[in-house]
file model_31.csv (CSV, C-alpha atoms)
chain,number,residue,atom,x,y,z
A,1350,MET,CA,47.4,21.2,80.1
A,1351,THR,CA,49.2,24.5,79.2
A,1352,SER,CA,52.0,25.3,81.7
A,1353,PRO,CA,51.9,28.6,83.6
A,1354,LEU,CA,55.1,29.7,81.8
A,1355,ALA,CA,53.6,29.0,78.3
A,1356,LEU,CA,50.4,30.7,79.3
A,1357,ARG,CA,52.2,33.8,80.5
A,1358,GLU,CA,54.3,33.9,77.3
A,1359,LYS,CA,51.1,33.6,75.2
A,1360,ALA,CA,49.4,36.4,77.3
A,1361,GLU,CA,52.4,38.7,76.9
A,1362,THR,CA,52.5,38.1,73.2
A,1363,GLN,CA,48.9,38.9,72.8
A,1364,ALA,CA,49.2,42.0,75.0
A,1365,ALA,CA,52.1,43.3,72.9
A,1366,ARG,CA,49.9,43.2,69.9
A,1367,LEU,CA,47.3,45.5,71.4
A,1368,PRO,CA,48.9,48.9,71.0
A,1369,ALA,CA,49.9,48.3,67.4
A,1370,LEU,CA,46.5,47.0,66.5
A,1371,LEU,CA,44.7,49.8,68.2
A,1372,ALA,CA,47.0,52.4,66.6
A,1373,ARG,CA,46.4,51.0,63.1
A,1374,ALA,CA,42.7,50.7,63.6
A,1375,GLU,CA,42.4,54.2,65.0
A,1376,GLN,CA,44.5,55.6,62.1
A,1377,LEU,CA,42.4,53.7,59.6
A,1378,ALA,CA,39.1,54.8,61.1
A,1379,GLY,CA,40.3,58.4,61.2
A,1380,ALA,CA,40.6,58.3,57.4
A,1381,VAL,CA,36.9,57.6,57.0
A,1382,LEU,CA,34.5,60.5,57.5
A,1383,LEU,CA,31.5,59.7,59.7
A,1384,GLY,CA,28.2,60.3,58.0
A,1385,ASP,CA,24.6,60.2,59.3
A,1386,HIS,CA,24.3,56.7,60.7
A,1387,GLY,CA,22.3,54.6,63.1
A,1388,ARG,CA,19.8,56.3,65.4
A,1389,ARG,CA,18.6,59.0,62.9
A,1390,ARG,CA,17.1,56.4,60.6
A,1391,ALA,CA,13.4,56.6,59.9
A,1392,GLY,CA,11.2,54.4,62.1
A,1393,MET,CA,13.6,54.1,65.1
A,1394,GLY,CA,12.3,55.1,68.4
A,1395,ASP,CA,12.0,54.2,72.1
A,1396,ASP,CA,9.1,51.8,71.7
A,1397,PHE,CA,9.4,48.5,73.4
A,1398,TRP,CA,10.6,45.8,71.1
A,1399,GLN,CA,11.2,42.5,73.0
A,1400,TYR,CA,12.4,40.7,76.1
A,1401,ARG,CA,15.5,38.6,75.7
A,1402,PRO,CA,17.4,36.3,78.1
A,1403,ALA,CA,20.1,38.2,80.0
A,1404,GLN,CA,23.6,37.5,78.6
A,1405,LEU,CA,27.1,37.6,80.1
A,1406,GLY,CA,28.1,41.3,80.2
A,1407,ASP,CA,24.6,42.7,80.8
A,1408,SER,CA,24.5,45.0,83.8
A,1409,ARG,CA,22.1,44.4,86.7
A,1410,ARG,CA,20.2,47.6,85.9
A,1411,MET,CA,19.3,46.2,82.5
A,1412,ILE,CA,17.3,43.3,84.1
A,1413,ASP,CA,13.5,43.6,83.9
A,1414,HIS,CA,12.6,42.2,87.4
A,1415,ARG,CA,8.9,42.1,86.8
A,1416,ARG,CA,9.3,39.8,83.7
A,1417,SER,CA,12.1,37.8,85.3
A,1418,ALA,CA,9.9,37.1,88.4
A,1419,MET,CA,7.6,34.9,86.2
A,1420,GLY,CA,10.3,32.2,86.0
A,1421,ASP,CA,13.8,31.2,86.8
A,1422,VAL,CA,15.4,33.1,83.8
A,1423,GLN,CA,16.4,36.7,84.0
A,1424,PHE,CA,15.2,38.9,81.1
A,1425,VAL,CA,16.4,42.1,79.6
A,1426,ARG,CA,13.9,44.6,78.1
A,1427,GLU,CA,15.2,46.0,74.8
A,1428,ARG,CA,13.8,48.9,72.9
A,1429,GLU,CA,13.6,49.4,69.1
A,1430,TRP,CA,16.5,51.7,68.8
A,1431,GLN,CA,18.7,49.5,70.9
A,1432,ILE,CA,18.1,46.6,68.5
A,1433,ALA,CA,18.6,48.7,65.4
A,1434,GLN,CA,21.9,50.0,66.7
A,1435,SER,CA,23.4,46.6,67.7
A,1436,VAL,CA,26.2,45.3,65.4
A,1437,MET,CA,27.8,41.9,66.0
A,1438,LEU,CA,31.3,41.1,64.6
A,1439,TRP,CA,32.9,37.8,63.8
A,1440,VAL,CA,36.6,38.0,62.7
A,1441,ASP,CA,38.1,34.6,61.9
A,1442,GLN,CA,41.0,33.8,64.2
A,1443,GLY,CA,41.8,30.3,62.8
A,1444,ALA,CA,45.4,29.4,62.0
A,1445,ALA,CA,44.8,29.5,58.2
A,1446,MET,CA,44.3,33.3,58.6
A,1447,ARG,CA,48.0,33.7,59.6
A,1448,PHE,CA,49.2,33.1,56.1
A,1449,ALA,CA,51.0,35.7,54.0
A,1450,SER,CA,52.8,35.0,50.7
A,1451,GLY,CA,55.4,37.6,51.2
A,1452,ASP,CA,57.2,39.6,53.9
A,1453,ALA,CA,55.9,42.9,52.5
A,1454,LEU,CA,52.3,41.7,52.9
A,1455,PRO,CA,50.2,41.6,56.0
A,1456,THR,CA,48.8,38.2,57.0
A,1457,LYS,CA,45.1,37.7,56.4
A,1458,ALA,CA,44.6,37.8,60.2
A,1459,GLU,CA,46.3,41.1,60.6
A,1460,ARG,CA,44.2,42.7,57.8
A,1461,ALA,CA,40.9,41.1,59.1
A,1462,ARG,CA,41.6,42.3,62.7
A,1463,VAL,CA,42.4,45.8,61.8
A,1464,LEU,CA,39.4,46.1,59.5
A,1465,GLY,CA,37.1,44.6,62.1
A,1466,LEU,CA,38.4,46.9,64.9
A,1467,ALA,CA,38.4,50.0,62.6
A,1468,VAL,CA,34.7,49.5,61.6
A,1469,ALA,CA,33.9,48.9,65.3
A,1470,ILE,CA,35.5,52.2,66.1
A,1471,LEU,CA,33.5,54.0,63.4
A,1472,LEU,CA,30.2,52.4,64.5
A,1473,ILE,CA,30.8,53.1,68.2
A,1474,ARG,CA,31.7,56.7,67.5
A,1475,GLY,CA,28.5,56.9,65.5
A,1476,GLY,CA,26.5,56.0,68.5
A,1477,GLU,CA,25.9,52.3,67.9
A,1478,ARG,CA,26.5,49.3,70.1
A,1479,VAL,CA,29.1,46.8,68.9
A,1480,GLY,CA,30.1,43.4,70.2
A,1481,LEU,CA,30.9,39.9,69.1
A,1482,THR,CA,28.7,37.1,67.9
A,1483,GLY,CA,28.3,34.5,70.6
A,1484,THR,CA,28.1,35.2,74.3
A,1485,ARG,CA,31.6,36.5,75.1
A,1486,LEU,CA,31.1,40.2,74.4
A,1487,PRO,CA,27.6,41.5,74.0
A,1488,PRO,CA,27.1,44.8,72.1
A,1489,ARG,CA,28.0,47.9,74.1
A,1490,ARG,CA,29.1,51.5,73.4
A,1491,GLY,CA,32.1,53.4,74.5
A,1492,ASN,CA,35.9,53.4,74.4
A,1493,PRO,CA,36.2,50.5,76.9
A,1494,GLN,CA,34.4,48.3,74.5
A,1495,ILE,CA,36.9,49.1,71.8
A,1496,LEU,CA,39.7,47.9,74.1
A,1497,ARG,CA,37.8,44.7,74.8
A,1498,LEU,CA,37.4,44.1,71.1
A,1499,ALA,CA,41.1,44.7,70.5
A,1500,GLU,CA,41.9,42.2,73.3
A,1501,MET,CA,39.7,39.5,71.8
A,1502,PHE,CA,40.8,40.1,68.2
A,1503,SER,CA,44.4,39.6,69.4
A,1504,GLU,CA,43.7,36.0,70.3
A,1505,ASP,CA,44.7,33.1,68.0
A,1506,ALA,CA,42.8,29.9,67.6
A,1507,GLU,CA,44.7,26.6,67.3
A,1508,ASP,CA,42.6,24.9,64.6
A,1509,ASP,CA,43.3,25.6,61.0
A,1510,TYR,CA,39.7,26.8,60.3
A,1511,ALA,CA,37.4,28.5,62.7
A,1512,PRO,CA,33.7,28.2,62.0
A,1513,PRO,CA,31.6,31.4,62.0
A,1514,GLU,CA,30.1,32.0,65.5
A,1515,HIS,CA,26.4,32.3,65.2
A,1516,ARG,CA,25.1,31.9,68.8
A,1517,ALA,CA,23.1,34.6,70.6
A,1518,MET,CA,22.4,36.7,67.5
A,1519,ILE,CA,20.2,39.6,68.5
A,1520,PRO,CA,17.0,39.6,66.3
A,1521,HIS,CA,16.9,42.4,63.7
A,1522,ALA,CA,20.4,43.5,64.5
A,1523,ARG,CA,23.3,43.7,62.0
A,1524,ALA,CA,26.4,41.6,61.7
A,1525,VAL,CA,29.9,41.6,60.0
A,1526,PHE,CA,31.8,38.4,59.2
A,1527,ILE,CA,35.4,38.7,58.1
A,1528,SER,CA,37.4,35.6,57.0
A,1529,ASP,CA,39.1,33.8,54.2
A,1530,PHE,CA,36.2,31.3,54.3
A,1531,MET,CA,38.5,28.4,53.4
A,1532,GLY,CA,36.9,26.1,56.0
A,1533,ASP,CA,33.8,24.0,55.7
A,1534,ILE,CA,31.2,25.9,53.7
A,1535,ALA,CA,28.4,24.1,55.7
A,1536,ASP,CA,29.4,26.2,58.7
A,1537,VAL,CA,28.9,29.4,56.8
A,1538,ARG,CA,25.6,28.2,55.4
A,1539,THR,CA,24.4,27.4,59.0
A,1540,ALA,CA,25.5,30.8,60.3
A,1541,LEU,CA,23.8,32.8,57.5
A,1542,THR,CA,20.7,30.7,57.7
A,1543,LYS,CA,20.3,31.3,61.4
A,1544,ALA,CA,21.0,35.0,60.9
A,1545,ALA,CA,18.3,35.2,58.2
A,1546,ASP,CA,15.8,33.3,60.5
A,1547,ARG,CA,16.4,36.0,63.2
A,1548,GLY,CA,16.1,38.9,60.8
A,1549,VAL,CA,19.8,39.7,61.1
A,1550,ARG,CA,21.2,41.5,58.0
A,1551,GLY,CA,24.9,42.0,57.5
A,1552,VAL,CA,28.0,41.9,55.4
A,1553,LEU,CA,30.5,39.2,54.6
A,1554,LEU,CA,34.1,40.3,53.7
A,1555,HIS,CA,36.1,37.6,52.0
A,1556,VAL,CA,39.8,38.2,52.6
A,1557,LEU,CA,42.4,36.5,50.4
A,1558,ASP,CA,46.2,36.7,49.9
A,1559,PRO,CA,47.2,37.5,46.2
A,1560,ALA,CA,48.9,34.1,46.0
A,1561,GLU,CA,45.6,32.4,46.8
A,1562,GLU,CA,44.1,34.1,43.8
A,1563,ALA,CA,47.0,33.5,41.3
A,1564,PHE,CA,48.4,30.1,42.5
A,1565,PRO,CA,51.9,30.9,41.3
A,1566,PHE,CA,53.5,27.6,42.4
A,1567,ARG,CA,55.5,25.4,40.0
A,1568,GLY,CA,57.6,22.2,40.2
A,1569,ARG,CA,58.2,20.4,43.5
A,1570,THR,CA,56.1,22.1,46.2
A,1571,VAL,CA,55.1,21.1,49.7
A,1572,PHE,CA,51.7,22.6,50.8
A,1573,GLN,CA,51.2,22.7,54.5
A,1574,SER,CA,48.4,24.2,56.5
A,1575,MET,CA,49.3,26.9,59.0
A,1576,GLY,CA,48.3,24.7,61.9
A,1577,GLY,CA,50.5,21.9,60.6
A,1578,THR,CA,47.6,19.4,60.4
A,1579,ILE,CA,47.5,19.0,56.6
A,1580,GLU,CA,50.4,18.5,54.3
A,1581,HIS,CA,50.5,17.6,50.6
A,1582,GLU,CA,53.6,17.3,48.4
A,1583,THR,CA,53.6,17.4,44.6
A,1584,LEU,CA,56.3,17.4,41.9
A,1585,LYS,CA,54.2,19.3,39.5
A,1586,ALA,CA,52.4,22.1,41.3
A,1587,SER,CA,51.4,23.8,38.1
A,1588,GLU,CA,49.2,20.9,37.2
A,1589,LEU,CA,47.0,21.6,40.2
A,1590,LYS,CA,46.4,25.2,39.3
A,1591,ASP,CA,43.3,24.8,37.1
A,1592,ARG,CA,41.5,22.5,39.6
A,1593,TYR,CA,42.4,24.9,42.4
A,1594,LEU,CA,41.2,28.0,40.6
A,1595,GLU,CA,37.9,26.2,39.7
A,1596,ARG,CA,37.3,25.3,43.3
A,1597,LEU,CA,38.1,28.8,44.5
A,1598,ALA,CA,35.7,30.3,41.9
A,1599,ALA,CA,33.0,27.8,43.1
A,1600,ARG,CA,33.6,28.8,46.7
A,1601,LYS,CA,33.2,32.5,45.8
A,1602,ALA,CA,30.0,31.8,43.9
A,1603,GLU,CA,28.6,29.8,46.8
A,1604,LEU,CA,29.4,32.6,49.2
A,1605,GLN,CA,27.7,35.1,47.0
A,1606,HIS,CA,24.7,32.9,46.6
A,1607,LEU,CA,24.4,32.4,50.4
A,1608,CYS,CA,24.6,36.1,51.0
A,1609,SER,CA,22.0,36.8,48.4
A,1610,VAL,CA,19.6,34.3,49.9
A,1611,ALA,CA,20.2,35.7,53.4
A,1612,GLY,CA,20.0,39.3,52.4
A,1613,TRP,CA,23.6,40.0,53.1
A,1614,GLN,CA,26.3,41.9,51.2
A,1615,TYR,CA,29.3,40.0,49.8
A,1616,GLY,CA,32.7,41.7,49.4
A,1617,LEU,CA,36.1,40.5,48.3
A,1618,HIS,CA,39.3,42.1,49.7
A,1619,HIS,CA,42.9,41.3,48.8
A,1620,THR,CA,45.7,41.9,51.3
A,1621,GLU,CA,47.9,43.6,48.8
A,1622,THR,CA,45.3,46.4,48.4
A,1623,PRO,CA,45.0,49.3,50.9
A,1624,ALA,CA,43.2,48.5,54.1
A,1625,GLN,CA,41.3,51.8,53.6
A,1626,ALA,CA,39.5,50.3,50.5
A,1627,GLY,CA,38.3,47.4,52.6
A,1628,LEU,CA,37.1,49.7,55.4
A,1629,LEU,CA,35.2,52.0,53.0
A,1630,TRP,CA,33.5,49.0,51.5
A,1631,LEU,CA,32.4,47.7,54.9
A,1632,TRP,CA,31.2,51.1,56.0
A,1633,ARG,CA,29.1,51.6,52.9
A,1634,ALA,CA,27.8,48.0,52.8
A,1635,LEU,CA,26.5,48.4,56.3
A,1636,ASP,CA,24.3,51.1,54.9
A,1637,GLY,CA,23.0,48.9,52.2
A,1638,GLY,CA,25.6,49.6,49.4
A,1639,ALA,CA,27.5,47.0,47.4
A,1640,GLY,CA,30.7,46.8,45.5
A,1641,ARG,CA,34.2,45.4,45.6
A,1642,ALA,CA,36.5,45.8,48.5
call {"tool": "encode", "arguments": {"input": "model_31.csv", "output": "structure tokens"}}
result
Amino acid sequence: MTSPLALREKAETQAARLPALLARAEQLAGAVLLGDHGRRRAGMGDDFWQYRPAQLGDSRRMIDHRRSAMGDVQFVREREWQIAQSVMLWVDQGAAMRFASGDALPTKAERARVLGLAVAILLIRGGERVGLTGTRLPPRRGNPQILRLAEMFSEDAEDDYAPPEHRAMIPHARAVFISDFMGDIADVRTALTKAADRGVRGVLLHVLDPAEEAFPFRGRTVFQSMGGTIEHETLKASELKDRYLERLAARKAELQHLCSVAGWQYGLHHTETPAQAGLLWLWRALDGGAGRA
């Protein structure tokens, strides 16, 4: 069990990140011009779309009491434009994301969080509802939601790899996944399959450090996971390069294939490139474009 002192130190550390994360995300979002987005799309209206079970975070006024009276479960009545304007985010918070190959580079986690929060700011300012995949933070509008997202993006997971969260996906909504996708590919396959089954379309942004692309290691090298659970020592690191690059290429190809099958957009972003390039790609990809981040 975590001691109260350790819990307080962890909370203070996370709280200290919020102002910097918010400032970077606000600055980044401010560099992207808002275009026509969301509610003005053809076919969107106030027609009834579906009932869904109430989730944590839904207000009492959202409950449809007539439908809920038919059983023991409370239901929310959603309209077509509400579904179309819901965007769910998943930003990988696993320990592996805390890697950076140089002091001048951001960690993958830092870049993923600022991109995730910046695109959320743009979407919310464009009138859309944004939340997290899963049940912790359902899509909502407004500045308070931006603060909630920043708080949750500042959390760290203990495991080396965090699987994509795919619970409670709203049918026919949109989603954004941001990760290095170094964990079990089966978890990504499951998440995208469930998304496709529910008509959820989205974008997957693959974030990598430049060293993970170049594999510049030579001689005696000790490779250790950021969570400290995996360690491998070799006297000839250069001999691993070809096999590593083959596996990385295979992982990229598999991710692209999964996105193609699910109707998602795949993008690749490197942490040594400007964050604005990644945000612009995300913003355009959410409108159906494609390209490199």
call {"tool": "closest_residue", "arguments": {"input": "model_31.csv", "among": "A:Leu1553, A:His1414, A:Gly1379, A:Arg1489", "to": "Val1440 of chain A", "atoms": "only C-alpha atoms"}}
result
A:Leu1553
call {"tool": "residues_near_point", "arguments": {"input": "model_31.csv", "point": "(52.4, 27.6, 41.6)", "cutoff": "12 Å", "atoms": "only C-alpha atoms", "output": "PyMOL selection string"}}
result
chain A and resi 1450+1560-1572+1583-1591+1593-1594
call {"tool": "residues_near_point", "arguments": {"input": "model_31.csv", "point": "(35.8, 44.3, 70.1)", "cutoff": "9 Å", "atoms": "all atoms listed in the file", "output": "count of residues only"}}
result
19
call {"tool": "atom_distance", "arguments": {"input": "model_31.csv", "atom1": "atom CA of Ala1522 of chain A", "atom2": "atom CA of Ser1435 of chain A"}}
result
5.4 Å
call {"tool": "atom_distance", "arguments": {"input": "model_31.csv", "atom1": "atom CA of Pro1402 of chain A", "atom2": "atom CA of Ser1417 of chain A"}}
result
9.1 Å
call {"tool": "closest_atom_pairs", "arguments": {"input": "model_31.csv", "of": "segment 1416-1508 of chain A", "to": "segment 1526-1538 of chain A", "cutoff": "12 Å", "atoms": "all atoms listed in the file", "output": "JSON lines"}}
result
{"residue": "A:Val1436", "atom": "CA", "partner": "A:Phe1526", "partner_atom": "CA", "distance": 10.8}
{"residue": "A:Met1437", "atom": "CA", "partner": "A:Phe1526", "partner_atom": "CA", "distance": 8.6}
{"residue": "A:Leu1438", "atom": "CA", "partner": "A:Phe1526", "partner_atom": "CA", "distance": 6.1}
{"residue": "A:Trp1439", "atom": "CA", "partner": "A:Phe1526", "partner_atom": "CA", "distance": 4.8}
{"residue": "A:Val1440", "atom": "CA", "partner": "A:Ile1527", "partner_atom": "CA", "distance": 4.8}
{"residue": "A:Asp1441", "atom": "CA", "partner": "A:Ser1528", "partner_atom": "CA", "distance": 5.0}
{"residue": "A:Gln1442", "atom": "CA", "partner": "A:Ser1528", "partner_atom": "CA", "distance": 8.2}
{"residue": "A:Gly1443", "atom": "CA", "partner": "A:Ser1528", "partner_atom": "CA", "distance": 9.0}
{"residue": "A:Ala1444", "atom": "CA", "partner": "A:Gly1532", "partner_atom": "CA", "distance": 10.9}
{"residue": "A:Ala1445", "atom": "CA", "partner": "A:Met1531", "partner_atom": "CA", "distance": 8.0}
{"residue": "A:Met1446", "atom": "CA", "partner": "A:Asp1529", "partner_atom": "CA", "distance": 6.8}
{"residue": "A:Arg1447", "atom": "CA", "partner": "A:Asp1529", "partner_atom": "CA", "distance": 10.4}
{"residue": "A:Phe1448", "atom": "CA", "partner": "A:Asp1529", "partner_atom": "CA", "distance": 10.3}
{"residue": "A:Thr1456", "atom": "CA", "partner": "A:Asp1529", "partner_atom": "CA", "distance": 11.0}
{"residue": "A:Lys1457", "atom": "CA", "partner": "A:Asp1529", "partner_atom": "CA", "distance": 7.5}
{"residue": "A:Ala1458", "atom": "CA", "partner": "A:Ser1528", "partner_atom": "CA", "distance": 8.2}
{"residue": "A:Glu1459", "atom": "CA", "partner": "A:Ser1528", "partner_atom": "CA", "distance": 11.1}
{"residue": "A:Arg1460", "atom": "CA", "partner": "A:Ile1527", "partner_atom": "CA", "distance": 9.7}
{"residue": "A:Ala1461", "atom": "CA", "partner": "A:Ile1527", "partner_atom": "CA", "distance": 6.1}
{"residue": "A:Arg1462", "atom": "CA", "partner": "A:Ile1527", "partner_atom": "CA", "distance": 8.5}
{"residue": "A:Val1463", "atom": "CA", "partner": "A:Ile1527", "partner_atom": "CA", "distance": 10.6}
{"residue": "A:Leu1464", "atom": "CA", "partner": "A:Ile1527", "partner_atom": "CA", "distance": 8.5}
{"residue": "A:Gly1465", "atom": "CA", "partner": "A:Ile1527", "partner_atom": "CA", "distance": 7.3}
{"residue": "A:Leu1466", "atom": "CA", "partner": "A:Ile1527", "partner_atom": "CA", "distance": 11.1}
{"residue": "A:Val1468", "atom": "CA", "partner": "A:Ile1527", "partner_atom": "CA", "distance": 11.4}
{"residue": "A:Leu1481", "atom": "CA", "partner": "A:Phe1526", "partner_atom": "CA", "distance": 10.1}
{"residue": "A:Thr1482", "atom": "CA", "partner": "A:Phe1526", "partner_atom": "CA", "distance": 9.3}
{"residue": "A:Phe1502", "atom": "CA", "partner": "A:Ile1527", "partner_atom": "CA", "distance": 11.5}
{"residue": "A:Asp1508", "atom": "CA", "partner": "A:Gly1532", "partner_atom": "CA", "distance": 10.4}
call {"tool": "atom_distance", "arguments": {"input": "model_31.csv", "atom1": "atom CA of Arg1373 of chain A", "atom2": "atom CA of Ala1467 of chain A"}}
result
8.1 Å
call {"tool": "residues_around", "arguments": {"input": "model_31.csv", "residues": "Lys1601 of chain A", "least_positions_apart": "4", "cutoff": "10 Å", "atoms": "all atoms listed in the file", "output": "NGL selection string"}}
result
:A and (1530 or 1555 or 1595-1597 or 1605-1607 or 1615-1617)
call {"tool": "closest_atom_pairs", "arguments": {"input": "model_31.csv", "of": "segment 1411-1519 of chain A", "to": "segment 1542-1550 of chain A", "cutoff": "12 Å", "atoms": "only C-alpha atoms", "output": "CSV"}}
result
residue,atom,partner,partner_atom,distance
A:Ile1432,CA,A:Val1549,CA,10.3
A:Ala1433,CA,A:Val1549,CA,10.0
A:Gln1434,CA,A:Val1549,CA,11.9
A:Ser1435,CA,A:Val1549,CA,10.2
A:Val1436,CA,A:Val1549,CA,9.5
A:Met1437,CA,A:Val1549,CA,9.6
A:Thr1482,CA,A:Ala1544,CA,10.6
A:Pro1513,CA,A:Ala1544,CA,11.2
A:Glu1514,CA,A:Ala1544,CA,10.6
A:His1515,CA,A:Lys1543,CA,7.3
A:Arg1516,CA,A:Lys1543,CA,8.8
A:Ala1517,CA,A:Ala1544,CA,9.9
A:Met1518,CA,A:Ala1544,CA,7.0
A:Ile1519,CA,A:Val1549,CA,7.4
call {"tool": "residues_around", "arguments": {"input": "model_31.csv", "residues": "segment 1619-1626 of chain A", "least_positions_apart": "3", "cutoff": "7 Å", "atoms": "only C-alpha atoms", "output": "NGL selection string"}}
result
:A and (1377 or 1454-1455 or 1457 or 1460 or 1556-1559 or 1629-1630 or 1642)
call {"tool": "residues_around", "arguments": {"input": "model_31.csv", "residues": "Leu1631 of chain A", "least_positions_apart": "2", "cutoff": "8 Å", "atoms": "only C-alpha atoms", "output": "PyMOL selection string"}}
result
chain A and resi 1468+1552+1554+1627-1629+1633-1635+1642
